[in-house]
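Here's model.pdb, which has PDB, C-alpha atoms and all ligand atoms:
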```pdb
ATOM      1  CA  MET J   1      30.192 -20.174  -7.054
ATOM      2  CA  ALA J   2      31.518 -16.625  -6.951
ATOM      3  CA  THR J   3      33.951 -15.856  -4.124
ATOM      4  CA  THR J   4      33.632 -12.086  -4.452
ATOM      5  CA  PRO J   5      29.867 -11.714  -4.624
ATOM      6  CA  ARG J   6      28.119  -8.507  -5.519
ATOM      7  CA  HIS J   7      25.590  -7.523  -2.893
ATOM      8  CA  TYR J   8      22.606  -5.182  -2.769
ATOM      9  CA  ARG J   9      22.761  -4.217   0.906
ATOM     10  CA  ARG J  10      21.946  -0.590   0.178
ATOM     11  CA  VAL J  11      21.032   1.530  -2.868
ATOM     12  CA  GLU J  12      24.630   2.633  -3.291
ATOM     13  CA  ASP J  13      25.804  -0.931  -3.921
ATOM     14  CA  LEU J  14      24.704  -0.122  -7.475
ATOM     15  CA  SER J  15      26.322   2.707  -9.415
ATOM     16  CA  ALA J  16      24.052   5.225 -11.129
ATOM     17  CA  ASP J  17      24.640   3.395 -14.432
ATOM     18  CA  GLY J  18      24.094   0.040 -12.730
ATOM     19  CA  LEU J  19      20.808   1.253 -11.325
ATOM     20  CA  VAL J  20      19.578   2.418 -14.720
ATOM     21  CA  ALA J  21      20.707  -0.908 -16.218
ATOM     22  CA  VAL J  22      18.509  -2.735 -13.677
ATOM     23  CA  LEU J  23      15.568  -0.484 -14.590
ATOM     24  CA  ASP J  24      16.126  -1.100 -18.302
ATOM     25  CA  LEU J  25      16.292  -4.856 -17.785
ATOM     26  CA  ALA J  26      13.177  -4.671 -15.598
ATOM     27  CA  ASP J  27      11.293  -2.995 -18.459
ATOM     28  CA  GLU J  28      12.528  -5.733 -20.795
ATOM     29  CA  LEU J  29      11.491  -8.494 -18.386
ATOM     30  CA  LYS J  30       8.095  -6.868 -17.892
ATOM     31  CA  ALA J  31       7.513  -6.990 -21.637
ATOM     32  CA  ALA J  32       8.937 -10.522 -21.819
ATOM     33  CA  ARG J  33       6.506 -11.745 -19.167
ATOM     34  CA  ALA J  34       3.598 -10.769 -21.363
ATOM     35  CA  ALA J  35       5.320 -12.430 -24.345
ATOM     36  CA  GLY J  36       5.954 -15.759 -22.600
ATOM     37  CA  GLY J  37       8.800 -15.578 -20.116
ATOM     38  CA  ARG J  38      12.524 -16.340 -19.749
ATOM     39  CA  ASP J  39      14.781 -18.728 -17.878
ATOM     40  CA  ASP J  40      17.655 -16.502 -16.714
ATOM     41  CA  LEU J  41      17.730 -18.099 -13.238
ATOM     42  CA  ALA J  42      17.489 -21.752 -14.343
ATOM     43  CA  GLY J  43      19.324 -23.974 -11.862
ATOM     44  CA  ARG J  44      19.614 -21.207  -9.247
ATOM     45  CA  THR J  45      18.161 -21.369  -5.754
ATOM     46  CA  VAL J  46      17.411 -18.109  -3.950
ATOM     47  CA  ALA J  47      16.820 -18.321  -0.180
ATOM     48  CA  MET J  48      14.712 -15.703   1.559
ATOM     49  CA  VAL J  49      14.737 -14.983   5.281
ATOM     50  CA  PHE J  50      12.108 -12.653   6.749
ATOM     51  CA  GLU J  51      12.495 -11.441  10.330
ATOM     52  CA  LYS J  52       9.561  -9.031   9.838
ATOM     53  CA  PRO J  53       6.205  -9.583   8.078
ATOM     54  CA  SER J  54       5.911  -9.099   4.315
ATOM     55  CA  THR J  55       3.339  -9.538   1.578
ATOM     56  CA  ARG J  56       4.772  -7.829  -1.521
ATOM     57  CA  THR J  57       8.465  -8.498  -1.039
ATOM     58  CA  ARG J  58       8.007 -12.145  -0.131
ATOM     59  CA  VAL J  59       5.554 -12.964  -2.912
ATOM     60  CA  SER J  60       7.220 -10.861  -5.611
ATOM     61  CA  PHE J  61      10.647 -12.410  -4.967
ATOM     62  CA  GLN J  62       9.156 -15.898  -4.862
ATOM     63  CA  VAL J  63       7.311 -15.416  -8.155
ATOM     64  CA  ALA J  64      10.274 -13.590  -9.715
ATOM     65  CA  VAL J  65      12.638 -16.497  -9.083
ATOM     66  CA  THR J  66      10.070 -19.104 -10.154
ATOM     67  CA  GLU J  67       9.191 -17.311 -13.394
ATOM     68  CA  LEU J  68      12.869 -17.082 -14.360
ATOM     69  CA  GLY J  69      13.236 -20.848 -13.928
ATOM     70  CA  GLY J  70      14.893 -20.787 -10.503
ATOM     71  CA  SER J  71      13.852 -22.181  -7.129
ATOM     72  CA  PRO J  72      12.857 -19.841  -4.306
ATOM     73  CA  LEU J  73      13.324 -21.104  -0.770
ATOM     74  CA  ALA J  74      11.320 -19.102   1.785
ATOM     75  CA  LEU J  75      12.618 -19.426   5.336
ATOM     76  CA  SER J  76      11.317 -17.752   8.454
ATOM     77  CA  SER J  77      13.943 -16.916  11.022
ATOM     78  CA  ALA J  78      11.957 -18.877  13.625
ATOM     79  CA  GLU J  79      12.586 -22.019  11.574
ATOM     80  CA  LEU J  80      16.329 -21.416  11.410
ATOM     81  CA  GLN J  81      18.887 -22.043  14.143
ATOM     82  CA  LEU J  82      19.462 -18.282  13.857
ATOM     83  CA  GLY J  83      16.433 -17.946  16.144
ATOM     84  CA  ARG J  84      18.221 -20.116  18.728
ATOM     85  CA  GLY J  85      21.478 -18.219  18.743
ATOM     86  CA  GLU J  86      23.490 -19.578  15.774
ATOM     87  CA  THR J  87      25.538 -16.637  14.607
ATOM     88  CA  ILE J  88      24.780 -14.603  11.505
ATOM     89  CA  ALA J  89      28.293 -15.349  10.277
ATOM     90  CA  ASP J  90      27.830 -19.130  10.512
ATOM     91  CA  THR J  91      24.367 -18.920   8.936
ATOM     92  CA  ALA J  92      25.793 -16.926   6.018
ATOM     93  CA  ALA J  93      28.665 -19.368   5.516
ATOM     94  CA  VAL J  94      26.400 -22.415   5.540
ATOM     95  CA  LEU J  95      23.665 -21.004   3.289
ATOM     96  CA  SER J  96      26.393 -19.963   0.835
ATOM     97  CA  ARG J  97      27.172 -23.668   0.312
ATOM     98  CA  TYR J  98      23.568 -24.489  -0.658
ATOM     99  CA  VAL J  99      21.997 -21.562  -2.467
ATOM    100  CA  HIS J 100      23.041 -18.946  -5.024
ATOM    101  CA  ALA J 101      21.658 -15.782  -3.397
ATOM    102  CA  LEU J 102      20.182 -14.727  -0.092
ATOM    103  CA  VAL J 103      17.352 -12.200   0.311
ATOM    104  CA  VAL J 104      16.924 -10.917   3.864
ATOM    105  CA  ARG J 105      14.439  -8.657   5.685
ATOM    106  CA  THR J 106      15.600  -7.730   9.155
ATOM    107  CA  PHE J 107      15.953  -4.954  11.738
ATOM    108  CA  GLY J 108      19.450  -3.442  11.981
ATOM    109  CA  GLN J 109      21.435  -2.705   8.819
ATOM    110  CA  ASP J 110      24.399  -4.223  10.676
ATOM    111  CA  ARG J 111      22.729  -7.655  10.372
ATOM    112  CA  ILE J 112      22.674  -7.432   6.550
ATOM    113  CA  ASP J 113      26.252  -6.147   6.504
ATOM    114  CA  GLU J 114      27.378  -9.009   8.758
ATOM    115  CA  LEU J 115      25.644 -11.575   6.537
ATOM    116  CA  ALA J 116      27.198 -10.087   3.417
ATOM    117  CA  LYS J 117      30.649 -10.061   5.023
ATOM    118  CA  ASN J 118      30.430 -13.781   5.696
ATOM    119  CA  ALA J 119      28.566 -14.923   2.577
ATOM    120  CA  THR J 120      30.177 -16.055  -0.655
ATOM    121  CA  ILE J 121      26.912 -15.412  -2.518
ATOM    122  CA  PRO J 122      25.057 -12.131  -3.198
ATOM    123  CA  VAL J 123      23.032 -10.821  -0.246
ATOM    124  CA  VAL J 124      19.998  -8.634  -0.985
ATOM    125  CA  ASN J 125      18.408  -6.263   1.538
ATOM    126  CA  ALA J 126      14.649  -6.894   1.514
ATOM    127  CA  LEU J 127      14.163  -4.040   4.075
ATOM    128  CA  THR J 128      16.027  -2.996   7.167
ATOM    129  CA  ASP J 129      15.339  -0.192   9.630
ATOM    130  CA  LEU J 130      17.725   1.973   7.556
ATOM    131  CA  GLU J 131      16.942   1.169   3.903
ATOM    132  CA  HIS J 132      14.469  -0.509   1.567
ATOM    133  CA  PRO J 133      16.582  -0.567  -1.599
ATOM    134  CA  CYS J 134      14.414  -3.065  -3.524
ATOM    135  CA  GLN J 135      11.428  -0.779  -3.027
ATOM    136  CA  ALA J 136      13.385   2.127  -4.524
ATOM    137  CA  LEU J 137      13.963   0.145  -7.741
ATOM    138  CA  ALA J 138      10.222  -0.387  -8.227
ATOM    139  CA  ASP J 139       9.557   3.236  -7.300
ATOM    140  CA  LEU J 140      11.913   4.471 -10.003
ATOM    141  CA  GLN J 141      10.602   2.051 -12.628
ATOM    142  CA  THR J 142       7.082   3.312 -11.886
ATOM    143  CA  VAL J 143       8.077   6.986 -11.957
ATOM    144  CA  ARG J 144       9.891   6.499 -15.263
ATOM    145  CA  GLU J 145       6.895   4.686 -16.795
ATOM    146  CA  GLN J 146       4.534   7.413 -15.653
ATOM    147  CA  LEU J 147       6.646  10.533 -16.264
ATOM    148  CA  GLY J 148       8.749   9.325 -19.163
ATOM    149  CA  GLY J 149      12.074  10.073 -17.432
ATOM    150  CA  PHE J 150      13.719  11.637 -14.405
ATOM    151  CA  ALA J 151      15.466  14.825 -15.555
ATOM    152  CA  GLY J 152      13.626  17.964 -14.536
ATOM    153  CA  ARG J 153      11.050  15.970 -12.538
ATOM    154  CA  THR J 154      10.333  16.247  -8.819
ATOM    155  CA  LEU J 155       9.015  13.614  -6.455
ATOM    156  CA  THR J 156       7.842  14.692  -3.010
ATOM    157  CA  TYR J 157       7.846  12.159  -0.198
ATOM    158  CA  VAL J 158       5.480  13.240   2.580
ATOM    159  CA  GLY J 159       5.806  11.815   6.089
ATOM    160  CA  ASP J 160       8.331   9.905   8.163
ATOM    161  CA  GLY J 161      12.017  10.105   7.204
ATOM    162  CA  ASN J 162      12.253   6.305   7.312
ATOM    163  CA  ASN J 163      13.847   3.376   5.455
ATOM    164  CA  VAL J 164      11.673   3.907   2.357
ATOM    165  CA  ALA J 165      12.443   7.643   2.324
ATOM    166  CA  HIS J 166      16.184   6.951   2.676
ATOM    167  CA  SER J 167      16.394   4.577  -0.293
ATOM    168  CA  LEU J 168      14.161   6.765  -2.452
ATOM    169  CA  LEU J 169      16.258   9.827  -1.645
ATOM    170  CA  LEU J 170      19.512   8.100  -2.599
ATOM    171  CA  ALA J 171      18.127   6.366  -5.693
ATOM    172  CA  GLY J 172      16.382   9.504  -6.965
ATOM    173  CA  ALA J 173      19.511  11.581  -6.446
ATOM    174  CA  MET J 174      21.576   9.005  -8.357
ATOM    175  CA  VAL J 175      19.369   8.962 -11.461
ATOM    176  CA  GLY J 176      18.661  12.701 -11.589
ATOM    177  CA  LEU J 177      15.168  12.757 -10.080
ATOM    178  CA  SER J 178      14.761  15.677  -7.653
ATOM    179  CA  VAL J 179      13.419  14.539  -4.298
ATOM    180  CA  ARG J 180      11.756  16.693  -1.672
ATOM    181  CA  ILE J 181      10.993  15.296   1.762
ATOM    182  CA  ALA J 182       8.181  16.989   3.717
ATOM    183  CA  HIS J 183       8.422  15.675   7.268
ATOM    184  CA  PRO J 184       7.260  16.716  10.734
ATOM    185  CA  ASP J 185       9.801  18.316  13.046
ATOM    186  CA  GLY J 186      11.892  15.582  14.629
ATOM    187  CA  PHE J 187      11.178  13.036  11.869
ATOM    188  CA  ALA J 188      13.699  14.097   9.240
ATOM    189  CA  PRO J 189      15.604  11.429   7.325
ATOM    190  CA  ASP J 190      19.044  10.393   8.616
ATOM    191  CA  ALA J 191      21.432  13.349   8.296
ATOM    192  CA  GLY J 192      24.230  11.243   6.808
ATOM    193  CA  ILE J 193      21.926   9.899   4.090
ATOM    194  CA  VAL J 194      20.669  13.405   3.275
ATOM    195  CA  GLU J 195      24.266  14.628   2.997
ATOM    196  CA  ARG J 196      25.176  11.741   0.686
ATOM    197  CA  ALA J 197      22.017  12.250  -1.405
ATOM    198  CA  LYS J 198      22.981  15.909  -1.880
ATOM    199  CA  GLU J 199      26.417  14.852  -3.175
ATOM    200  CA  LEU J 200      24.829  12.361  -5.577
ATOM    201  CA  ALA J 201      22.283  14.961  -6.687
ATOM    202  CA  ALA J 202      25.048  17.461  -7.425
ATOM    203  CA  ALA J 203      26.548  14.905  -9.817
ATOM    204  CA  SER J 204      23.247  13.982 -11.511
ATOM    205  CA  GLY J 205      21.760  17.475 -11.748
ATOM    206  CA  ALA J 206      18.924  16.731  -9.309
ATOM    207  CA  GLN J 207      17.942  18.590  -6.165
ATOM    208  CA  VAL J 208      17.375  17.349  -2.642
ATOM    209  CA  VAL J 209      15.154  19.523  -0.453
ATOM    210  CA  LEU J 210      13.858  18.962   3.074
ATOM    211  CA  THR J 211      10.938  20.923   4.491
ATOM    212  CA  THR J 212       8.568  20.766   7.447
ATOM    213  CA  ASP J 213       5.828  22.470   5.382
ATOM    214  CA  PRO J 214       3.725  19.825   3.572
ATOM    215  CA  VAL J 215       2.082  22.335   1.189
ATOM    216  CA  ALA J 216       5.407  23.875   0.144
ATOM    217  CA  GLY J 217       6.815  20.358  -0.243
ATOM    218  CA  VAL J 218       4.055  19.130  -2.525
ATOM    219  CA  SER J 219       3.679  22.353  -4.583
ATOM    220  CA  GLY J 220       4.250  21.621  -8.261
ATOM    221  CA  ALA J 221       5.557  18.072  -7.646
ATOM    222  CA  ASP J 222       5.222  15.532 -10.464
ATOM    223  CA  ALA J 223       4.840  12.635  -8.042
ATOM    224  CA  VAL J 224       3.690  12.487  -4.420
ATOM    225  CA  TYR J 225       4.716   9.531  -2.266
ATOM    226  CA  THR J 226       3.902   8.532   1.275
ATOM    227  CA  ASP J 227       4.424   5.623   3.665
ATOM    228  CA  VAL J 228       3.109   4.565   7.064
ATOM    229  CA  TRP J 229       3.707   6.867  10.032
ATOM    230  CA  ALA J 230       4.982   4.052  12.247
ATOM    231  CA  SER J 231       7.176   1.413  10.640
ATOM    232  CA  MET J 232       7.580  -2.220  11.652
ATOM    233  CA  GLY J 233       9.286  -2.237  15.034
ATOM    234  CA  GLN J 234       7.806   1.173  15.978
ATOM    235  CA  GLU J 235       4.314  -0.074  16.839
ATOM    236  CA  ASP J 236       4.622   1.284  20.399
ATOM    237  CA  GLN J 237       4.987   4.841  18.983
ATOM    238  CA  ALA J 238       2.017   4.602  16.598
ATOM    239  CA  GLU J 239      -0.484   6.329  18.905
ATOM    240  CA  GLN J 240       1.719   9.287  19.828
ATOM    241  CA  ARG J 241       2.758   9.810  16.197
ATOM    242  CA  LEU J 242      -0.852  10.294  15.015
ATOM    243  CA  ALA J 243      -1.180  13.894  16.238
ATOM    244  CA  VAL J 244       2.290  14.941  15.033
ATOM    245  CA  PHE J 245       1.781  13.503  11.546
ATOM    246  CA  GLU J 246      -1.844  14.637  11.023
ATOM    247  CA  PRO J 247      -0.901  17.689   8.859
ATOM    248  CA  PHE J 248       1.156  15.354   6.644
ATOM    249  CA  ARG J 249      -1.775  13.192   5.521
ATOM    250  CA  VAL J 250      -1.997  13.139   1.717
ATOM    251  CA  THR J 251      -5.574  14.380   1.381
ATOM    252  CA  PRO J 252      -7.187  15.513  -1.894
ATOM    253  CA  GLU J 253      -6.549  19.099  -0.678
ATOM    254  CA  LEU J 254      -2.821  18.521  -0.161
ATOM    255  CA  PHE J 255      -2.496  16.507  -3.389
ATOM    256  CA  ALA J 256      -4.169  19.392  -5.292
ATOM    257  CA  HIS J 257      -0.986  21.457  -4.725
ATOM    258  CA  ALA J 258       0.996  19.014  -6.896
ATOM    259  CA  ALA J 259       1.247  19.348 -10.704
ATOM    260  CA  GLU J 260      -2.063  18.829 -12.490
ATOM    261  CA  ASP J 261      -1.072  15.434 -13.875
ATOM    262  CA  ALA J 262       0.901  14.326 -10.790
ATOM    263  CA  VAL J 263       0.841  10.659  -9.802
ATOM    264  CA  PHE J 264       0.476   9.217  -6.310
ATOM    265  CA  LEU J 265       2.746   6.451  -5.008
ATOM    266  CA  HIS J 266       2.815   4.393  -1.800
ATOM    267  CA  CYS J 267       5.061   1.427  -1.066
ATOM    268  CA  LEU J 268       2.126  -0.269   0.755
ATOM    269  CA  PRO J 269       0.786  -1.521   3.094
ATOM    270  CA  ALA J 270      -1.370   1.621   3.417
ATOM    271  CA  HIS J 271      -3.477   2.944   6.257
ATOM    272  CA  ARG J 272      -6.355   4.843   4.658
ATOM    273  CA  GLY J 273      -7.354   7.793   6.839
ATOM    274  CA  GLU J 274      -3.858   8.014   8.353
ATOM    275  CA  GLU J 275      -1.008   8.833   5.956
ATOM    276  CA  VAL J 276      -3.330   8.948   2.901
ATOM    277  CA  SER J 277      -7.019   9.584   2.236
ATOM    278  CA  ALA J 278      -8.932   6.854   0.441
ATOM    279  CA  GLU J 279      -9.899   9.391  -2.273
ATOM    280  CA  VAL J 280      -6.215   9.775  -3.181
ATOM    281  CA  ILE J 281      -4.919   6.203  -2.996
ATOM    282  CA  ASP J 282      -8.062   4.841  -4.670
ATOM    283  CA  GLY J 283      -8.324   7.814  -7.037
ATOM    284  CA  PRO J 284      -7.467   8.197 -10.743
ATOM    285  CA  ARG J 285      -3.904   9.512 -10.182
ATOM    286  CA  SER J 286      -2.846   6.614  -7.956
ATOM    287  CA  VAL J 287      -0.348   4.173  -9.505
ATOM    288  CA  VAL J 288       0.173   2.019  -6.420
ATOM    289  CA  TRP J 289      -0.824  -1.274  -8.065
ATOM    290  CA  ASP J 290       1.622  -0.729 -10.940
ATOM    291  CA  GLN J 291       4.224   0.175  -8.322
ATOM    292  CA  ALA J 292       3.551  -3.055  -6.391
ATOM    293  CA  GLU J 293       3.706  -5.094  -9.625
ATOM    294  CA  ASN J 294       7.006  -3.465 -10.518
ATOM    295  CA  ARG J 295       8.575  -4.939  -7.371
ATOM    296  CA  MET J 296       8.567  -8.252  -9.229
ATOM    297  CA  HIS J 297      10.050  -6.967 -12.491
ATOM    298  CA  THR J 298      12.810  -4.965 -10.806
ATOM    299  CA  GLN J 299      13.725  -7.803  -8.447
ATOM    300  CA  LYS J 300      13.955 -10.188 -11.392
ATOM    301  CA  ALA J 301      16.321  -7.725 -13.043
ATOM    302  CA  LEU J 302      18.335  -7.243  -9.854
ATOM    303  CA  LEU J 303      18.837 -10.979  -9.328
ATOM    304  CA  VAL J 304      19.802 -11.499 -12.965
ATOM    305  CA  GLU J 305      22.395  -8.700 -12.674
ATOM    306  CA  LEU J 306      23.795  -9.941  -9.339
ATOM    307  CA  LEU J 307      23.992 -13.574 -10.505
ATOM    308  CA  ARG J 308      25.431 -12.826 -13.955
TER     309      ARG J 308
HETATM  310  N1  LIG Y   1       6.316  -2.546   0.245
HETATM  311  C1  LIG Y   1       6.684  -3.654   0.888
HETATM  312  O1  LIG Y   1       7.864  -3.952   1.106
HETATM  313  O2  LIG Y   1       5.642  -4.465   1.266
HETATM  314  P1  LIG Y   1       5.745  -5.778   2.154
HETATM  315  O3  LIG Y   1       6.092  -5.342   3.565
HETATM  316  O4  LIG Y   1       4.372  -6.392   2.072
HETATM  317  O5  LIG Y   1       6.801  -6.677   1.604
HETATM  318  N1  LIG Y   2       8.489   1.914   6.422
HETATM  319  C1  LIG Y   2       7.717   0.691   6.394
HETATM  320  C2  LIG Y   2       7.767   0.066   5.039
HETATM  321  C3  LIG Y   2       6.985  -1.197   4.893
HETATM  322  C4  LIG Y   2       7.125  -1.796   3.534
HETATM  323  C5  LIG Y   2       8.236  -0.257   7.465
HETATM  324  O1  LIG Y   2       9.461  -0.371   7.621
HETATM  325  O2  LIG Y   2       7.418  -0.882   8.136
END
```
Is it possible to express this structure as structure tokens?
Ligand code: CP
Ligand code: NVA
Amino acid sequence: MATTPRHYRRVEDLSADGLVAVLDLADELKAARAAGGRDDLAGRTVAMVFEKPSTRTRVSFQVAVTELGGSPLALSSAELQLGRGETIADTAAVLSRYVHALVVRTFGQDRIDELAKNATIPVVNALTDLEHPCQALADLQTVREQLGGFAGRTLTYVGDGNNVAHSLLLAGAMVGLSVRIAHPDGFAPDAGIVERAKELAAASGAQVVLTTDPVAGVSGADAVYTDVWASMGQEDQAEQRLAVFEPFRVTPELFAHAAEDAVFLHCLPAHRGEEVSAEVIDGPRSVVWDQAENRMHTQKALLVELLR
């Protein structure tokens, strides 16, 4: 077993080239699935711990590992001694002796970092309050499929400057996709992440723009993306956020400001009538089901790369 594991705790654990290599492999694995499959993870066990609910991430990782010949092991934190006070460090050390990789969804980014510090196997962030780096891989695969590339293209994320926005911003900036974030006052993405995304964008030739004007943000965009207004762990703020976020709903009227052939993305789960109108998410420009499917292909590719 590797003693210096490669982790995917955050988007920047991959280099720009590494990220594109994962996307390329994901395309290959997507085609291979239709042609009859592969066994790249034969003999490997991948444990998954979810401290928040999940449909897509849980199922797509489970199927990804199974289809590549490996064994997924889904654990809920309530079933682990972690829930009774065993330390993250001890949990990481012990799981490292049994399994080959650990996929974790949790609250603070510090919990993933602490696991990774004490694990001798790759640790993958399956969503924290700060980042959702696996989502960003599927987002980019979907954008590339739909738009044919990243250079000269603009994706506008409309809504809360949250974990999904953070990873998308960093990943887009790395591969040369310009990212605009249209957010309500007081709900901008983390300033440090924006700063870093601007540095990455300067190197890739992309642009990073923040605005509090949804129409200006969406104008001419090649892709429009949104996410829930209150993330997991913020349920108590959901009610008060409704009024503030109302102008940021992706309605047919707002979407009409995007490029004529623009696509609509959403990480899901969606709340129709809140962050997006049913006419948009269920309309002809929506690619959300491809995007959800691509979670599986990109996570296969990620695990293959990390366990190489
Ligand atoms: N997009 C996403 O991560 O969905 P789940 O919460 O269902 O895993
Ligand atoms: N921002 C959302 C994403 C869910 C996949 C959340 O953290 O709840």
Inset, instruction - Please measure the separation of atom CA of J:Thr45 and atom O1 of ligand LIG 2 (chain Y), giving the value in Å to one decimal. - result: 26.4 Å
Legend entry - Long-range neighbours of J:Gly149 as an MDAnalysis selection string, 12 Å cut-off, only C-alpha atoms, 2 positions minimum in chain: chainID J and resid 20 23:24 140:147 151:155 172 175:178 222
Just the selected residues (C-alpha atoms), exported as a compact mmCIF listing (two decimals), in the coordinates of the input, please.
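File produced: again_3.txt:
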```txt
# COMPACT_ATOMS: atom_id res chain seq x y z
CA VAL J 20 19.58 2.42 -14.72
CA LEU J 23 15.57 -0.48 -14.59
CA ASP J 24 16.13 -1.10 -18.30
CA LEU J 140 11.91 4.47 -10.00
CA GLN J 141 10.60 2.05 -12.63
CA THR J 142 7.08 3.31 -11.89
CA VAL J 143 8.08 6.99 -11.96
CA ARG J 144 9.89 6.50 -15.26
CA GLU J 145 6.90 4.69 -16.80
CA GLN J 146 4.53 7.41 -15.65
CA LEU J 147 6.65 10.53 -16.26
CA ALA J 151 15.47 14.82 -15.56
CA GLY J 152 13.63 17.96 -14.54
CA ARG J 153 11.05 15.97 -12.54
CA THR J 154 10.33 16.25 -8.82
CA LEU J 155 9.02 13.61 -6.46
CA GLY J 172 16.38 9.50 -6.96
CA VAL J 175 19.37 8.96 -11.46
CA GLY J 176 18.66 12.70 -11.59
CA LEU J 177 15.17 12.76 -10.08
CA SER J 178 14.76 15.68 -7.65
CA ASP J 222 5.22 15.53 -10.46
```
Legend entry - atom CA of J:Ala259 to atom CA of J:Ala182, distance in Å rounded to a single decimal: 16.2 Å
Inset, instruction - For J:His271, list every protein, DNA or RNA residue within 10 Å, evaluated using all atoms listed in the file, and leave out those in the same chain fewer than 5 positions away; present the list as number ranges by chain. - result: J: 227-229, 276-278, 281
Residues of chain J that approach ligand LIG 2 (chain Y) to 8 Å or less, counting only C-alpha atoms and all ligand atoms: could you list each one with the shortest pair of atoms and its distance in Å to one decimal, rows by chain and increasing residue number, as a Markdown table?
```
| residue | atom | partner | partner_atom | distance |
| --- | --- | --- | --- | --- |
| J:Ser54 | CA | Y:LIG2 | C4 | 7.4 |
| J:Leu127 | CA | Y:LIG2 | O1 | 6.9 |
| J:Thr128 | CA | Y:LIG2 | O1 | 7.1 |
| J:Asp129 | CA | Y:LIG2 | O1 | 6.2 |
| J:His132 | CA | Y:LIG2 | C2 | 7.6 |
| J:Gln135 | CA | Y:LIG2 | C4 | 7.9 |
| J:Asn162 | CA | Y:LIG2 | N1 | 5.9 |
| J:Asn163 | CA | Y:LIG2 | N1 | 5.6 |
| J:Val164 | CA | Y:LIG2 | N1 | 5.5 |
| J:Asp227 | CA | Y:LIG2 | N1 | 6.2 |
| J:Val228 | CA | Y:LIG2 | N1 | 6.0 |
| J:Trp229 | CA | Y:LIG2 | N1 | 7.8 |
| J:Ala230 | CA | Y:LIG2 | O2 | 6.9 |
| J:Ser231 | CA | Y:LIG2 | O2 | 3.4 |
| J:Met232 | CA | Y:LIG2 | O2 | 3.8 |
| J:Gly233 | CA | Y:LIG2 | O2 | 7.3 |
| J:Cys267 | CA | Y:LIG2 | C4 | 6.0 |
| J:Leu268 | CA | Y:LIG2 | C4 | 5.9 |
| J:Pro269 | CA | Y:LIG2 | C4 | 6.4 |
```
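Relative to atom CA of J:Gly18, atom C1 of ligand LIG 1 (chain Y) is found at 22.4 Å.
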Inset, instruction - Run the PyMOL selection byres (((chain J and resi 108-118) around 10) and not hetatm) against the file shown and list the residues it catches, as a VMD selection string. - result: chain J and resid 5 to 10 87 to 94 96 102 to 107 119 to 131
Inset, instruction - Identify, on the basis of only C-alpha atoms, every residue whose closest approach to J:Asp185 does not exceed 12 Å; exclude the query and any residue fewer than 6 positions from it along the same chain; express the result as a PyMOL selection string. - result: chain J and resi 159-161+210-214+241+244-245+247-248
First collect every listed atom of stretch 194-208 of chain J; then fit an axis-aligned box around them, widen it by 4 Å on each side, and give centre and edge lengths in Å to one decimal, as JSON.
```
{"center_x": 22.0, "center_y": 15.2, "center_z": -4.2, "size_x": 17.2, "size_y": 14.8, "size_z": 23.0}
```
Inset, instruction - Identify which of the residues J:Glu293, J:Glu279, J:Glu305, J:Glu28 lies closest to ligand LIG 1 (chain Y), counting only C-alpha atoms and all ligand atoms when measuring atom-to-atom distances. - result: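 For ligand LIG 1 (chain Y), the nearest of the given residues is J:Glu293.
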Inset, instruction - Given the file shown, determine the residues that the PyMOL selection byres (((chain J and resi 138) around 8) and not hetatm) selects; report them as a list in words. - result: Cys134, Gln135, Ala136, Leu137, Asp139, Leu140, Gln141, Thr142, Gln291, Ala292, Asn294, Arg295, His297 and Thr298 of chain J
Inset, instruction - Check which residues satisfy the PyMOL selection byres (((chain J and resi 68) around 10) and not hetatm) in the file shown, then give them as a ChimeraX atom specification. - result: /J:29,33,37-44,63-67,69-71,300,303-304
Inset, instruction - May I ask which of the residues J:Val250, J:Ala173, J:Val59, J:Val11 is the closest one to ligand LIG 1 (chain Y), counting all atoms listed in the file? - result: J:Val59
